>>> print(open('final.pdb').read())   # PDB, C-alpha atoms
ATOM      1  CA  MET A   1     127.747  99.925 139.352
ATOM      2  CA  GLU A   2     131.230 101.238 138.579
ATOM      3  CA  ILE A   3     131.836  98.689 135.824
ATOM      4  CA  ALA A   4     128.442  99.369 134.264
ATOM      5  CA  PHE A   5     129.172 103.101 134.296
ATOM      6  CA  TYR A   6     132.554 102.678 132.622
ATOM      7  CA  ILE A   7     131.177 100.323 129.952
ATOM      8  CA  LEU A   8     128.287 102.683 129.145
ATOM      9  CA  ALA A   9     130.541 105.747 129.204
ATOM     10  CA  GLY A  10     133.039 104.108 126.843
ATOM     11  CA  MET A  11     130.218 103.128 124.515
ATOM     12  CA  ALA A  12     128.818 106.677 124.601
ATOM     13  CA  VAL A  13     132.160 108.379 123.878
ATOM     14  CA  THR A  14     133.057 105.914 121.104
ATOM     15  CA  SER A  15     129.724 106.309 119.365
ATOM     16  CA  ALA A  16     129.830 110.108 119.736
ATOM     17  CA  ILE A  17     133.254 110.178 118.054
ATOM     18  CA  LEU A  18     131.865 107.920 115.317
ATOM     19  CA  VAL A  19     128.894 110.277 114.831
ATOM     20  CA  VAL A  20     131.096 113.304 114.193
ATOM     21  CA  SER A  21     133.760 111.509 112.141
ATOM     22  CA  LEU A  22     132.006 108.994 109.867
ATOM     23  CA  LYS A  23     131.563 110.073 106.263
ATOM     24  CA  ASN A  24     128.625 107.822 105.501
ATOM     25  CA  LEU A  25     125.453 109.452 106.784
ATOM     26  CA  VAL A  26     123.546 106.227 107.446
ATOM     27  CA  ARG A  27     126.403 104.843 109.538
ATOM     28  CA  ALA A  28     126.607 108.108 111.493
ATOM     29  CA  ILE A  29     122.879 107.859 112.245
ATOM     30  CA  LEU A  30     123.269 104.265 113.461
ATOM     31  CA  ALA A  31     126.150 105.394 115.695
ATOM     32  CA  LEU A  32     123.826 108.091 117.051
ATOM     33  CA  ALA A  33     121.301 105.359 117.882
ATOM     34  CA  SER A  34     123.946 103.520 119.902
ATOM     35  CA  LEU A  35     124.817 106.808 121.679
ATOM     36  CA  PHE A  36     121.152 107.284 122.606
ATOM     37  CA  LEU A  37     120.979 103.711 123.896
ATOM     38  CA  SER A  38     124.021 104.164 126.127
ATOM     39  CA  ILE A  39     122.689 107.493 127.449
ATOM     40  CA  ALA A  40     119.417 105.718 128.300
ATOM     41  CA  GLY A  41     121.447 103.135 130.201
ATOM     42  CA  LEU A  42     123.217 105.920 132.107
ATOM     43  CA  TYR A  43     119.844 107.458 133.025
ATOM     44  CA  ILE A  44     118.747 104.094 134.395
ATOM     45  CA  LEU A  45     122.017 103.860 136.383
ATOM     46  CA  LEU A  46     121.164 107.269 137.870
ATOM     47  CA  SER A  47     117.809 105.728 138.948
ATOM     48  CA  ALA A  48     115.881 107.857 136.451
ATOM     49  CA  GLU A  49     114.139 104.909 134.831
ATOM     50  CA  PHE A  50     111.294 106.933 133.342
ATOM     51  CA  LEU A  51     113.771 109.263 131.653
ATOM     52  CA  GLY A  52     115.640 106.294 130.185
ATOM     53  CA  LEU A  53     112.453 104.792 128.790
ATOM     54  CA  VAL A  54     111.386 108.140 127.297
ATOM     55  CA  GLN A  55     114.845 108.516 125.765
ATOM     56  CA  ILE A  56     114.531 105.121 124.057
ATOM     57  CA  LEU A  57     110.929 105.751 122.939
ATOM     58  CA  VAL A  58     111.364 109.281 121.599
ATOM     59  CA  TYR A  59     114.917 109.252 120.297
ATOM     60  CA  ILE A  60     115.434 105.732 119.012
ATOM     61  CA  GLY A  61     111.785 105.266 118.074
ATOM     62  CA  GLY A  62     111.168 108.710 116.619
ATOM     63  CA  VAL A  63     114.213 110.801 115.854
ATOM     64  CA  ILE A  64     116.380 108.070 114.332
ATOM     65  CA  LEU A  65     113.435 106.952 112.196
ATOM     66  CA  LEU A  66     112.936 110.544 110.987
ATOM     67  CA  PHE A  67     116.591 110.823 109.975
ATOM     68  CA  LEU A  68     116.476 107.493 108.138
ATOM     69  CA  PHE A  69     113.289 108.511 106.314
ATOM     70  CA  LEU A  70     114.952 111.721 105.172
ATOM     71  CA  ILE A  71     117.900 109.718 103.807
ATOM     72  CA  MET A  72     115.469 107.409 102.026
ATOM     73  CA  LEU A  73     113.563 110.309 100.427
ATOM     74  CA  THR A  74     116.624 112.221  99.176
ATOM     75  CA  GLU A  75     119.041 109.584  98.012
ATOM     76  CA  ASN A  76     121.997 111.115  96.254
ATOM     77  CA  LEU A  77     122.261 114.516  97.866
ATOM     78  CA  PHE A  78     124.327 113.447 100.823
ATOM     79  CA  GLU A  79     127.478 112.029  99.338
ATOM     80  CA  LYS A  80     129.592 115.131  98.777
ATOM     81  CA  ASN A  81     131.104 115.408 102.200
ATOM     82  CA  LYS A  82     134.444 117.159 102.130
ATOM     83  CA  VAL A  83     135.861 118.337 105.448
ATOM     84  CA  ASN A  84     138.058 121.413 105.296
ATOM     85  CA  LEU A  85     141.431 120.987 107.049
ATOM     86  CA  PHE A  86     141.346 124.558 108.382
ATOM     87  CA  GLN A  87     137.884 124.003 109.856
ATOM     88  CA  ARG A  88     139.036 120.748 111.422
ATOM     89  CA  ILE A  89     142.084 122.364 113.084
ATOM     90  CA  THR A  90     139.993 125.301 114.348
ATOM     91  CA  GLY A  91     137.441 122.859 115.720
ATOM     92  CA  VAL A  92     140.025 120.786 117.582
ATOM     93  CA  GLY A  93     141.668 123.909 119.038
ATOM     94  CA  LEU A  94     138.454 125.530 120.235
ATOM     95  CA  VAL A  95     137.112 122.298 121.647
ATOM     96  CA  LEU A  96     140.316 121.523 123.557
ATOM     97  CA  LEU A  97     140.250 125.063 124.989
ATOM     98  CA  LEU A  98     136.629 124.670 126.140
ATOM     99  CA  PHE A  99     137.305 121.207 127.564
ATOM    100  CA  SER A 100     140.304 122.407 129.570
ATOM    101  CA  ILE A 101     138.262 125.312 130.970
ATOM    102  CA  ILE A 102     135.441 122.958 132.015
ATOM    103  CA  ILE A 103     137.833 120.462 133.617
ATOM    104  CA  SER A 104     139.694 123.203 135.495
ATOM    105  CA  ILE A 105     136.349 124.318 136.952
ATOM    106  CA  PHE A 106     135.518 120.733 137.983
ATOM    107  CA  MET A 107     138.874 120.329 139.706
ATOM    108  CA  LYS A 108     138.009 123.146 142.110
ATOM    109  CA  GLN A 109     134.752 121.478 143.186
ATOM    110  CA  PRO A 110     134.693 118.806 145.887
ATOM    111  CA  PHE A 111     133.780 115.275 144.846
ATOM    112  CA  GLN A 112     130.172 114.606 145.743
ATOM    113  CA  ALA A 113     129.022 111.021 146.042
ATOM    114  CA  ILE A 114     125.737 110.204 144.331
ATOM    115  CA  PRO A 115     123.166 109.377 146.994
ATOM    116  CA  LYS A 116     120.760 106.491 146.595
ATOM    117  CA  THR A 117     117.614 108.195 145.350
ATOM    118  CA  ASP A 118     114.469 106.737 143.922
ATOM    119  CA  TYR A 119     111.986 109.218 142.555
ATOM    120  CA  SER A 120     108.913 107.262 141.531
ATOM    121  CA  ILE A 121     106.979 107.991 138.361
ATOM    122  CA  GLN A 122     104.049 109.123 140.526
ATOM    123  CA  GLU A 123     106.244 111.784 142.097
ATOM    124  CA  LEU A 124     107.443 112.984 138.691
ATOM    125  CA  GLY A 125     103.872 113.132 137.415
ATOM    126  CA  LYS A 126     102.738 115.147 140.441
ATOM    127  CA  HIS A 127     105.584 117.613 139.884
ATOM    128  CA  LEU A 128     104.743 117.893 136.181
ATOM    129  CA  LEU A 129     101.083 118.672 136.833
ATOM    130  CA  THR A 130     101.520 120.998 139.802
ATOM    131  CA  ASP A 131     104.803 122.956 139.936
ATOM    132  CA  TYR A 132     105.601 122.626 136.244
ATOM    133  CA  LEU A 133     102.103 122.783 134.787
ATOM    134  CA  VAL A 134     102.659 125.888 132.633
ATOM    135  CA  PRO A 135     106.007 124.757 131.142
ATOM    136  CA  PHE A 136     104.467 121.334 130.522
ATOM    137  CA  GLU A 137     101.575 122.817 128.539
ATOM    138  CA  VAL A 138     103.911 125.188 126.667
ATOM    139  CA  VAL A 139     106.165 122.293 125.718
ATOM    140  CA  SER A 140     103.245 120.209 124.466
ATOM    141  CA  LEU A 141     102.074 123.172 122.386
ATOM    142  CA  LEU A 142     105.629 123.584 121.061
ATOM    143  CA  LEU A 143     105.691 119.949 119.963
ATOM    144  CA  LEU A 144     102.344 120.320 118.177
ATOM    145  CA  VAL A 145     103.448 123.515 116.418
ATOM    146  CA  ALA A 146     106.772 121.967 115.417
ATOM    147  CA  LEU A 147     105.134 118.903 113.895
ATOM    148  CA  ILE A 148     102.515 120.932 111.986
ATOM    149  CA  GLY A 149     105.242 123.344 110.880
ATOM    150  CA  ALA A 150     107.399 120.478 109.627
ATOM    151  CA  ILE A 151     104.506 119.141 107.544
ATOM    152  CA  VAL A 152     103.728 122.598 106.124
ATOM    153  CA  ILE A 153     107.377 123.303 105.255
ATOM    154  CA  ALA A 154     108.072 119.962 103.612
ATOM    155  CA  LYS A 155     104.769 119.724 101.727
ATOM    156  CA  LYS A 156     104.892 119.911  97.930
ATOM    157  CA  GLU A 157     103.258 123.028  96.517
ATOM    158  CA  GLU A 158     100.777 121.789  93.933
ATOM    159  CA  ASN A 159      99.468 125.101  92.587
ATOM    160  CA  LYS A 160     102.699 126.191  90.971
TER
ATOM    161  CA  MET B   1     130.551 106.856 142.144
ATOM    162  CA  SER B   2     130.558 110.637 142.295
ATOM    163  CA  THR B   3     128.842 113.323 140.304
ATOM    164  CA  THR B   4     132.205 114.301 138.833
ATOM    165  CA  HIS B   5     132.275 111.074 136.788
ATOM    166  CA  TYR B   6     129.016 111.986 135.105
ATOM    167  CA  LEU B   7     129.952 115.651 134.701
ATOM    168  CA  VAL B   8     133.261 114.827 133.021
ATOM    169  CA  LEU B   9     131.494 112.347 130.731
ATOM    170  CA  SER B  10     128.935 114.931 129.682
ATOM    171  CA  ALA B  11     131.686 117.536 129.181
ATOM    172  CA  ILE B  12     133.461 115.101 126.840
ATOM    173  CA  LEU B  13     130.247 114.416 124.922
ATOM    174  CA  PHE B  14     129.481 118.140 124.668
ATOM    175  CA  CYS B  15     132.965 118.887 123.313
ATOM    176  CA  ILE B  16     132.692 116.091 120.729
ATOM    177  CA  GLY B  17     129.327 117.488 119.613
ATOM    178  CA  LEU B  18     130.742 121.019 119.405
ATOM    179  CA  TYR B  19     133.622 119.755 117.276
ATOM    180  CA  GLY B  20     131.076 118.182 114.946
ATOM    181  CA  VAL B  21     129.126 121.449 114.670
ATOM    182  CA  ILE B  22     132.282 123.420 113.879
ATOM    183  CA  SER B  23     133.932 121.057 111.436
ATOM    184  CA  ARG B  24     131.155 119.410 109.418
ATOM    185  CA  LYS B  25     129.670 121.023 106.330
ATOM    186  CA  ASN B  26     126.741 118.729 105.694
ATOM    187  CA  ALA B  27     123.642 120.206 107.352
ATOM    188  CA  VAL B  28     122.298 116.861 108.524
ATOM    189  CA  MET B  29     125.662 116.075 110.121
ATOM    190  CA  VAL B  30     125.450 119.365 112.046
ATOM    191  CA  LEU B  31     121.982 118.363 113.249
ATOM    192  CA  LEU B  32     123.364 115.002 114.446
ATOM    193  CA  SER B  33     126.130 116.791 116.370
ATOM    194  CA  ILE B  34     123.569 119.098 118.009
ATOM    195  CA  GLU B  35     121.719 115.975 119.160
ATOM    196  CA  VAL B  36     124.941 114.759 120.828
ATOM    197  CA  MET B  37     125.209 118.099 122.670
ATOM    198  CA  LEU B  38     121.561 117.943 123.809
ATOM    199  CA  CYS B  39     122.150 114.424 125.145
ATOM    200  CA  SER B  40     125.064 115.618 127.256
ATOM    201  CA  ALA B  41     122.960 118.466 128.690
ATOM    202  CA  GLY B  42     120.214 116.022 129.665
ATOM    203  CA  LEU B  43     122.750 113.777 131.363
ATOM    204  CA  ASN B  44     123.975 116.763 133.418
ATOM    205  CA  PHE B  45     120.437 117.577 134.568
ATOM    206  CA  ALA B  46     119.704 113.953 135.504
ATOM    207  CA  CYS B  47     122.971 113.779 137.447
ATOM    208  CA  PHE B  48     122.202 116.874 139.522
ATOM    209  CA  SER B  49     118.632 115.738 140.140
ATOM    210  CA  THR B  50     119.988 112.852 142.244
ATOM    211  CA  ILE B  51     121.520 115.355 144.688
ATOM    212  CA  HIS B  52     118.762 117.935 144.829
ATOM    213  CA  ASN B  53     115.197 117.145 143.745
ATOM    214  CA  PRO B  54     113.313 115.611 140.802
ATOM    215  CA  SER B  55     113.126 118.951 138.934
ATOM    216  CA  GLY B  56     116.286 117.973 137.060
ATOM    217  CA  GLN B  57     114.583 114.954 135.559
ATOM    218  CA  ILE B  58     111.665 117.136 134.432
ATOM    219  CA  PHE B  59     114.073 119.516 132.731
ATOM    220  CA  ALA B  60     115.733 116.557 131.012
ATOM    221  CA  LEU B  61     112.295 115.517 129.761
ATOM    222  CA  PHE B  62     111.792 119.027 128.358
ATOM    223  CA  ILE B  63     115.184 118.805 126.657
ATOM    224  CA  ILE B  64     114.138 115.546 124.985
ATOM    225  CA  VAL B  65     110.896 117.146 123.751
ATOM    226  CA  VAL B  66     112.670 120.229 122.422
ATOM    227  CA  GLY B  67     115.264 118.028 120.711
ATOM    228  CA  ALA B  68     112.539 116.057 118.942
ATOM    229  CA  ALA B  69     110.784 119.250 117.802
ATOM    230  CA  GLU B  70     114.075 120.712 116.574
ATOM    231  CA  VAL B  71     114.872 117.604 114.545
ATOM    232  CA  ALA B  72     111.410 117.591 112.935
ATOM    233  CA  CYS B  73     111.634 121.253 111.862
ATOM    234  CA  GLY B  74     115.304 121.101 110.877
ATOM    235  CA  LEU B  75     114.866 118.035 108.711
ATOM    236  CA  ALA B  76     111.848 119.596 106.989
ATOM    237  CA  ILE B  77     113.884 122.745 106.204
ATOM    238  CA  PHE B  78     116.841 120.717 104.893
ATOM    239  CA  PHE B  79     114.499 118.563 102.829
ATOM    240  CA  LEU B  80     113.075 121.702 101.208
ATOM    241  CA  ALA B  81     116.567 123.161 100.711
ATOM    242  CA  ALA B  82     117.750 119.935  99.115
ATOM    243  CA  ARG B  83     114.840 120.060  96.680
ATOM    244  CA  LEU B  84     115.386 123.709  95.811
ATOM    245  CA  SER B  85     119.169 123.930  95.516
ATOM    246  CA  GLU B  86     120.267 120.292  94.957
ATOM    247  CA  THR B  87     122.692 120.414  97.870
ATOM    248  CA  ILE B  88     122.673 120.701 101.647
ATOM    249  CA  ASP B  89     126.245 121.945 101.959
ATOM    250  CA  LEU B  90     126.045 124.752 104.524
ATOM    251  CA  ASP B  91     128.725 126.781 102.710
ATOM    252  CA  LYS B  92     126.552 126.867  99.572
ATOM    253  CA  PHE B  93     123.598 128.503 101.316
ATOM    254  CA  ASN B  94     124.662 132.049 100.478
ATOM    255  CA  LEU B  95     121.613 133.505  98.766
ATOM    256  CA  LEU B  96     121.561 136.415 101.233
ATOM    257  CA  LYS B  97     125.266 137.170 100.563
ATOM    258  CA  GLY B  98     125.961 137.245 104.300
TER
END
>>> encode(input="final.pdb", output="structure tokens")
Amino acid sequence: MEIAFYILAGMAVTSAILVVSLKNLVRAILALASLFLSIAGLYILLSAEFLGLVQILVYIGGVILLFLFLIMLTENLFEKNKVNLFQRITGVGLVLLLFSIIISIFMKQPFQAIPKTDYSIQELGKHLLTDYLVPFEVVSLLLLVALIGAIVIAKKEENK
Amino acid sequence: MSTTHYLVLSAILFCIGLYGVISRKNAVMVLLSIEVMLCSAGLNFACFSTIHNPSGQIFALFIIVVGAAEVACGLAIFFLAARLSETIDLDKFNLLKG
């Protein structure tokens, strides 16, 4: 368990750093795919198998494909990628500040061992359709509206 | 294994994503960094759901759905912007003179 966690965590951190630092957009997207894969592995380690499978299906199957299609449709627009030194220094400073605040909060909390849990998919489904019925419907409506909105926004206007 | 391992990992991922949002200029790169931050939030929820109850996993599911919707809309907007103004550099989007 421990070794699997450290391997997956190392993979996740490495690919996240690659995502924010690579200049080539296609390579950054492939690094994001490897990040999603390692996060799915971490979900499965946390005995949230359904969440891991959904992560692989939606993110690697859908989101990564969307990004790659956008790159394919607009070829040459993505190559001017200068990073400002001032922005980079500000980013590092702010992020280190935030990270130190978060870690100092964690250090005050007691270590809590992860218990052996196993929520079945049936249990999750019952929760989704009883306690969380309204948020579930709202989220499905949101997804529908977002997809229709994306089509409407990106459609070519033929009348003009 | 303790929850602190997972929490520190997701804090690291969140900070890396935030750095990407602050320092990149390309709009699609900013969207990628936001995805990294959403991933870390989902990992936090899944971690706490092992201690308390399965609600955390349901919230992580909602985060995945919202992330997918955000990517679809964001990419459509950037696609339109790229067609209209030939660039997706966020510093060049200054039509409103803000």
>>> resolve_selection(input="final.pdb", expression="the PyMOL selection byres ((chain A) within 7 of (chain B))", output="MDAnalysis selection string")
chainID A and resid 2 9 13 16:17 20 43 46 51 63 77 81 83 87:88 91:92 95 99 111:115 117 119 124 143 146:147 149:150 153:154
>>> axis_aligned_box(input="final.pdb", around="segment 34-45 of chain A", padding_each_side="5 Å", output="JSON")
{"center_x": 121.8, "center_y": 105.3, "center_z": 128.1, "size_x": 16.1, "size_y": 14.4, "size_z": 26.5}
>>> atom_distance(input="final.pdb", atom1="atom CA of Ser34 of chain A", atom2="atom CA of Gly10 of chain A")
11.5 Å
>>> closest_residue(input="final.pdb", among="A:Ala31, A:Phe86, A:Leu18, A:Phe50", to="Gln122 of chain A", atoms="only C-alpha atoms")
A:Phe50
>>> atom_distance(input="final.pdb", atom1="atom CA of Leu42 of chain A", atom2="atom CA of Phe45 of chain B")
12.2 Å
>>> atom_distance(input="final.pdb", atom1="atom CA of Phe36 of chain A", atom2="atom CA of Ser15 of chain A")
9.2 Å
>>> residues_around(input="final.pdb", residues="Val26 of chain A", least_positions_apart="2", cutoff="9 Å", atoms="only C-alpha atoms", output="list of chain:residue names")
A:Lys23, A:Asn24, A:Ala28, A:Ile29, A:Leu30, A:Ala31, A:Phe67, A:Leu68, A:Ile71
>>> write_last_selection(input="final.pdb", atoms="C-alpha atoms", output="tab-separated table (two decimals), in the frame of the given file")
chain	number	residue	atom	x	y	z
A	23	LYS	CA	131.56	110.07	106.26
A	24	ASN	CA	128.62	107.82	105.50
A	28	ALA	CA	126.61	108.11	111.49
A	29	ILE	CA	122.88	107.86	112.24
A	30	LEU	CA	123.27	104.26	113.46
A	31	ALA	CA	126.15	105.39	115.70
A	67	PHE	CA	116.59	110.82	109.98
A	68	LEU	CA	116.48	107.49	108.14
A	71	ILE	CA	117.90	109.72	103.81
>>> build_atoms(input="final.pdb", residues="segment 1-12 of chain B", atoms="all heavy atoms", output="tab-separated table (two decimals), in the coordinates of the input")
chain	number	residue	atom	x	y	z
B	1	MET	N	130.90	105.99	143.28
B	1	MET	CA	130.55	106.86	142.14
B	1	MET	C	130.31	108.28	142.65
B	1	MET	O	129.64	108.48	143.65
B	1	MET	CB	129.26	106.38	141.49
B	1	MET	CG	129.35	105.09	140.74
B	1	MET	SD	130.70	105.01	139.61
B	1	MET	CE	130.19	106.18	138.37
B	2	SER	N	130.84	109.25	141.92
B	2	SER	CA	130.56	110.64	142.29
B	2	SER	C	129.97	111.36	141.10
B	2	SER	O	130.00	110.87	139.97
B	2	SER	CB	131.84	111.32	142.75
B	2	SER	OG	132.66	111.51	141.64
B	3	THR	N	129.42	112.55	141.39
B	3	THR	CA	128.84	113.32	140.30
B	3	THR	C	129.89	113.73	139.28
B	3	THR	O	129.58	113.93	138.11
B	3	THR	CB	128.18	114.59	140.85
B	3	THR	OG1	129.14	115.28	141.63
B	3	THR	CG2	126.98	114.27	141.67
B	4	THR	N	131.16	113.85	139.75
B	4	THR	CA	132.21	114.30	138.83
B	4	THR	C	132.37	113.35	137.65
B	4	THR	O	132.63	113.79	136.54
B	4	THR	CB	133.52	114.44	139.60
B	4	THR	OG1	133.27	115.15	140.80
B	4	THR	CG2	134.53	115.19	138.79
B	5	HIS	N	132.20	112.03	137.90
B	5	HIS	CA	132.28	111.07	136.79
B	5	HIS	C	131.30	111.47	135.68
B	5	HIS	O	131.65	111.57	134.51
B	5	HIS	CB	131.93	109.67	137.27
B	5	HIS	CG	133.00	109.03	138.09
B	5	HIS	ND1	133.11	109.25	139.44
B	5	HIS	CD2	133.98	108.18	137.75
B	5	HIS	CE1	134.12	108.56	139.90
B	5	HIS	NE2	134.68	107.90	138.89
B	6	TYR	N	130.04	111.68	136.10
B	6	TYR	CA	129.02	111.99	135.10
B	6	TYR	C	129.26	113.34	134.45
B	6	TYR	O	129.05	113.52	133.26
B	6	TYR	CB	127.63	111.96	135.76
B	6	TYR	CG	127.13	110.56	136.02
B	6	TYR	CD1	127.37	109.94	137.22
B	6	TYR	CD2	126.46	109.88	135.04
B	6	TYR	CE1	126.93	108.66	137.47
B	6	TYR	CE2	126.02	108.60	135.26
B	6	TYR	CZ	126.25	108.00	136.47
B	6	TYR	OH	125.83	106.72	136.69
B	7	LEU	N	129.74	114.32	135.27
B	7	LEU	CA	129.95	115.65	134.70
B	7	LEU	C	131.07	115.63	133.67
B	7	LEU	O	130.97	116.25	132.61
B	7	LEU	CB	130.25	116.66	135.81
B	7	LEU	CG	129.10	116.88	136.78
B	7	LEU	CD1	129.47	117.94	137.79
B	7	LEU	CD2	127.87	117.29	136.05
B	8	VAL	N	132.16	114.90	133.99
B	8	VAL	CA	133.26	114.83	133.02
B	8	VAL	C	132.80	114.12	131.76
B	8	VAL	O	133.12	114.55	130.64
B	8	VAL	CB	134.47	114.11	133.65
B	8	VAL	CG1	135.51	113.80	132.60
B	8	VAL	CG2	135.08	114.98	134.72
B	9	LEU	N	132.00	113.05	131.92
B	9	LEU	CA	131.49	112.35	130.73
B	9	LEU	C	130.66	113.29	129.87
B	9	LEU	O	130.83	113.34	128.65
B	9	LEU	CB	130.66	111.14	131.16
B	9	LEU	CG	129.94	110.44	130.02
B	9	LEU	CD1	130.95	109.84	129.07
B	9	LEU	CD2	129.01	109.39	130.52
B	10	SER	N	129.79	114.08	130.52
B	10	SER	CA	128.94	114.93	129.68
B	10	SER	C	129.75	116.08	129.10
B	10	SER	O	129.44	116.54	127.99
B	10	SER	CB	127.72	115.42	130.45
B	10	SER	OG	128.09	116.37	131.39
B	11	ALA	N	130.82	116.52	129.79
B	11	ALA	CA	131.69	117.54	129.18
B	11	ALA	C	132.36	116.98	127.94
B	11	ALA	O	132.45	117.66	126.90
B	11	ALA	CB	132.74	118.00	130.19
B	12	ILE	N	132.82	115.72	128.02
B	12	ILE	CA	133.46	115.10	126.84
B	12	ILE	C	132.48	115.01	125.69
B	12	ILE	O	132.78	115.37	124.55
B	12	ILE	CB	134.01	113.70	127.21
B	12	ILE	CG1	135.16	113.82	128.20
B	12	ILE	CG2	134.47	112.97	125.97
B	12	ILE	CD1	135.60	112.50	128.74
